[in-house]
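Notes follow once the structure below has been shown.
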Protein chains: 2
Amino acid sequence: MALTPLTRQFVSHFGEMGSRWGINRTVGQLYALIFVSDRPLNADELAEMLEFSRSNVSMGLKELQAWRLVRLKHIPADRREYFEAPEDVWQIFKTLAEERRRREIEPTLSMLRGALLEAPASATDKHAQKRMREMHDLIEMTTNWFDDVQRLDPETLVQFMRMGAKVQKLLELKDRMKLVGGKSGGSNRS
Amino acid sequence: MALTPLTRQFVSHFGEMGSRWGINRTVGQLYALIFVSDRPLNADELAEMLEFSRSNVSMGLKELQAWRLVRLKHIPADRREYFEAPEDVWQIFKTLAEERRRREIEPTLSMLRGALLEAPASATDKHAQKRMREMHDLIEMTTNWFDDVQRLDPETLVQFMRMGAKVQKLLELKDRMKLVGGKSGGSNRS
DNA sequence: CTGAATTTTCAGAAATTACTGAAAATTGAT
DNA sequence: ATCAATTTTCAGTAATTTCTGAAAATTCAG
């Protein structure tokens, strides 16, 4: 079963882009193919369609599962394992964000918190800590906020995103009415 | 001039993380050091402090400039070029987002748009296009929205982010008052 | 202009990462 | 329990990426 030109185009783009993310070409192509497929695919099919070795496909699928980007689906009366991507693209996006957070953001925050606890040994260290605190606070604010947004139900979220820059007007409205939150900007986290 | 333990820790974390992003270890470490430094640094200083070859530093700085993450600063009566990172961490974040958008998002959107113009040759292609359209629409909505948010003045933005999930209440308020936007959810882009 | 200081380029070496085939392990139908 | 089907592992190899030193190019003070 050969790839159609349409799918080939999509798959090879993901292969190239894959290297810009942390994932490699094989993994990118595997995901792309599973994503557009109209039915779950097994490892042999993937290996044949993409012309990768069977073992390479096995390793790639393992990585995609670690990222929670594909899931196993068993087909009755077939012993082989089939793979599919979740239907809901917004769910996929959230999974990607969660995994990146776990792998990249959290270790960085934790390093920064450690560094900020140390006693600065010099003026240079003091300045370095100031910069690290700025970075820490920005990352923490941004990720906490993303967490909150992620929890909105999809409809509210779409409505919210479509509003775009009008949010500014909404905030002005809020301030005028003092209906949401307590004193000076509302209570918040940590 | 040796690195203090504090800075060494920060710098080597960025070296390791660098490889998870598209940038390599050298570039990550160079950036980290420039970011925390309390004064602009020149290429020789960077090479000595990080124990990289001078040519490696030259290439790394070129890449950081291409990302607009460092800028040149000339010091009076010194012919050498000094490098510094912008002060404002939010500005840095925006630059990073813009560059990633230009390098990763835009090419992907453009590939997707191309693929969506083609006439599907089969039911399989039809399904593939459906998936591609879902991906395209999600990416487009998310990046356009980020563009809008990016344009908010920093104070509004911080206020907005600190609100977090309370945005839902704000949207309910908006709906009750019908003060923002026209019919059914407000007009929007493309 | 000249030439020393500085930066950039680039071919090859070193290091890292990706990929393969063969063998081992696992699975599940009988 | 057996064994064929299937998946995983892993050592070795291939491919890619990163890094270096030497040479070329550029810059600018005099």
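Chain lettering (A, B, ...) mirrors the order of the structure tokens, residue numbering begins at 1 for each chain separately, and ligand numbering begins at 1 in order of display.
Any residue of chain A with an atom within 12 Å of chain C counts; using only C-alpha atoms (C1' of nucleotides), that gives Ser19, Gly22, Ile23, Asn24, Arg25, Thr26, Val27, Glu51, Phe52, Ser53, Arg54, Ser55, Asn56, Val57, Ser58, Met59, Gly60, Ala77, Asp78, Arg79, Arg80 and Glu81 of chain A.
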Fill in: Residue set, chain B restricted to helix (DSSP H, G or I), as a PyMOL selection string
chain B and resi 5-20+25-36+43-50+54-66+89-117+123-151+154-177
Item to complete: Please report as a PyMOL selection string which residues of chain D come no farther than 9 Å from chain A, using only C-alpha atoms (C1' of nucleotides).
Response: chain D and resi 5-8
For chain A against chain B, with a cut-off of 6 Å and counting only C-alpha atoms, what is the closest atom pair and its distance in Å to one decimal for every residue that makes the cut, ordered by chain and number, as JSON lines?
```
{"residue": "A:Arg20", "atom": "CA", "partner": "B:Gly22", "partner_atom": "CA", "distance": 4.7}
{"residue": "A:Trp21", "atom": "CA", "partner": "B:Gly22", "partner_atom": "CA", "distance": 5.9}
{"residue": "A:Gly22", "atom": "CA", "partner": "B:Arg20", "partner_atom": "CA", "distance": 4.7}
{"residue": "A:Val36", "atom": "CA", "partner": "B:Ala128", "partner_atom": "CA", "distance": 4.6}
{"residue": "A:Ala128", "atom": "CA", "partner": "B:Val36", "partner_atom": "CA", "distance": 4.6}
{"residue": "A:Arg131", "atom": "CA", "partner": "B:Val36", "partner_atom": "CA", "distance": 5.7}
{"residue": "A:Trp145", "atom": "CA", "partner": "B:Gly164", "partner_atom": "CA", "distance": 5.3}
{"residue": "A:Asp148", "atom": "CA", "partner": "B:Ala165", "partner_atom": "CA", "distance": 4.9}
{"residue": "A:Met161", "atom": "CA", "partner": "B:Trp145", "partner_atom": "CA", "distance": 5.7}
{"residue": "A:Gly164", "atom": "CA", "partner": "B:Asp148", "partner_atom": "CA", "distance": 5.3}
{"residue": "A:Ala165", "atom": "CA", "partner": "B:Asp148", "partner_atom": "CA", "distance": 4.9}
```
For those residues, write N, CA and C atoms to a file as a PDB file, in the first residue's frame.
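The resulting out-v8.pdb:
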```pdb
ATOM      1  N   ARG A  20      13.476  19.769  13.765  1.00  0.00           N
ATOM      2  CA  ARG A  20      13.516  21.062  14.462  1.00  0.00           C
ATOM      3  C   ARG A  20      12.937  20.956  15.869  1.00  0.00           C
ATOM      4  N   TRP A  21      11.958  20.096  16.029  1.00  0.00           N
ATOM      5  CA  TRP A  21      11.511  19.786  17.371  1.00  0.00           C
ATOM      6  C   TRP A  21      12.499  18.787  17.940  1.00  0.00           C
ATOM      7  N   GLY A  22      12.257  18.273  19.115  1.00  0.00           N
ATOM      8  CA  GLY A  22      13.180  17.293  19.661  1.00  0.00           C
ATOM      9  C   GLY A  22      13.104  15.921  18.982  1.00  0.00           C
ATOM     10  N   VAL A  36      -3.088  11.168   9.672  1.00  0.00           N
ATOM     11  CA  VAL A  36      -4.022  11.344   8.549  1.00  0.00           C
ATOM     12  C   VAL A  36      -4.737  10.055   8.150  1.00  0.00           C
ATOM     13  N   ALA A 128      23.073  37.954  38.190  1.00  0.00           N
ATOM     14  CA  ALA A 128      22.641  36.712  37.541  1.00  0.00           C
ATOM     15  C   ALA A 128      21.333  36.222  38.167  1.00  0.00           C
ATOM     16  N   ARG A 131      18.360  38.162  36.964  1.00  0.00           N
ATOM     17  CA  ARG A 131      17.924  37.707  35.631  1.00  0.00           C
ATOM     18  C   ARG A 131      17.189  36.374  35.710  1.00  0.00           C
ATOM     19  N   TRP A 145      -0.851  30.136  33.614  1.00  0.00           N
ATOM     20  CA  TRP A 145      -1.955  30.706  32.875  1.00  0.00           C
ATOM     21  C   TRP A 145      -2.429  29.721  31.802  1.00  0.00           C
ATOM     22  N   ASP A 148      -4.603  27.139  33.245  1.00  0.00           N
ATOM     23  CA  ASP A 148      -5.957  27.614  33.478  1.00  0.00           C
ATOM     24  C   ASP A 148      -6.766  27.600  32.181  1.00  0.00           C
ATOM     25  N   MET A 161     -10.733  32.723  22.253  1.00  0.00           N
ATOM     26  CA  MET A 161      -9.668  32.960  21.285  1.00  0.00           C
ATOM     27  C   MET A 161     -10.135  33.849  20.148  1.00  0.00           C
ATOM     28  N   GLY A 164      -9.775  37.607  20.495  1.00  0.00           N
ATOM     29  CA  GLY A 164      -8.478  38.221  20.233  1.00  0.00           C
ATOM     30  C   GLY A 164      -8.249  39.457  21.067  1.00  0.00           C
ATOM     31  N   ALA A 165      -7.849  40.505  20.384  1.00  0.00           N
ATOM     32  CA  ALA A 165      -7.409  41.713  21.083  1.00  0.00           C
ATOM     33  C   ALA A 165      -8.539  42.417  21.818  1.00  0.00           C
TER      34      ALA A 165
END
```
Worksheet item: What's the 7 Å shell around Leu69 of chain B, counting only C-alpha atoms (C1' of nucleotides), without same-chain residues fewer than 2 positions away, as a list in words?
Response: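 Counting only C-alpha atoms (C1' of nucleotides), the residues come to Leu64, Gln65, Trp67, Arg71, Ala85 and Ile92 of chain B.
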Worksheet item: At what distance in Å, to one decimal, does atom CA of Pro86 of chain B lie from atom CA of Val70 of chain B?
Response: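 Distance reported for this atom pair: 6.9 Å.
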Worksheet item: Using only C-alpha atoms, which residue out of A:Met1, A:Val11, A:Leu30, A:Met177 lies closest to Glu63 of chain A?
Response: A:Leu30
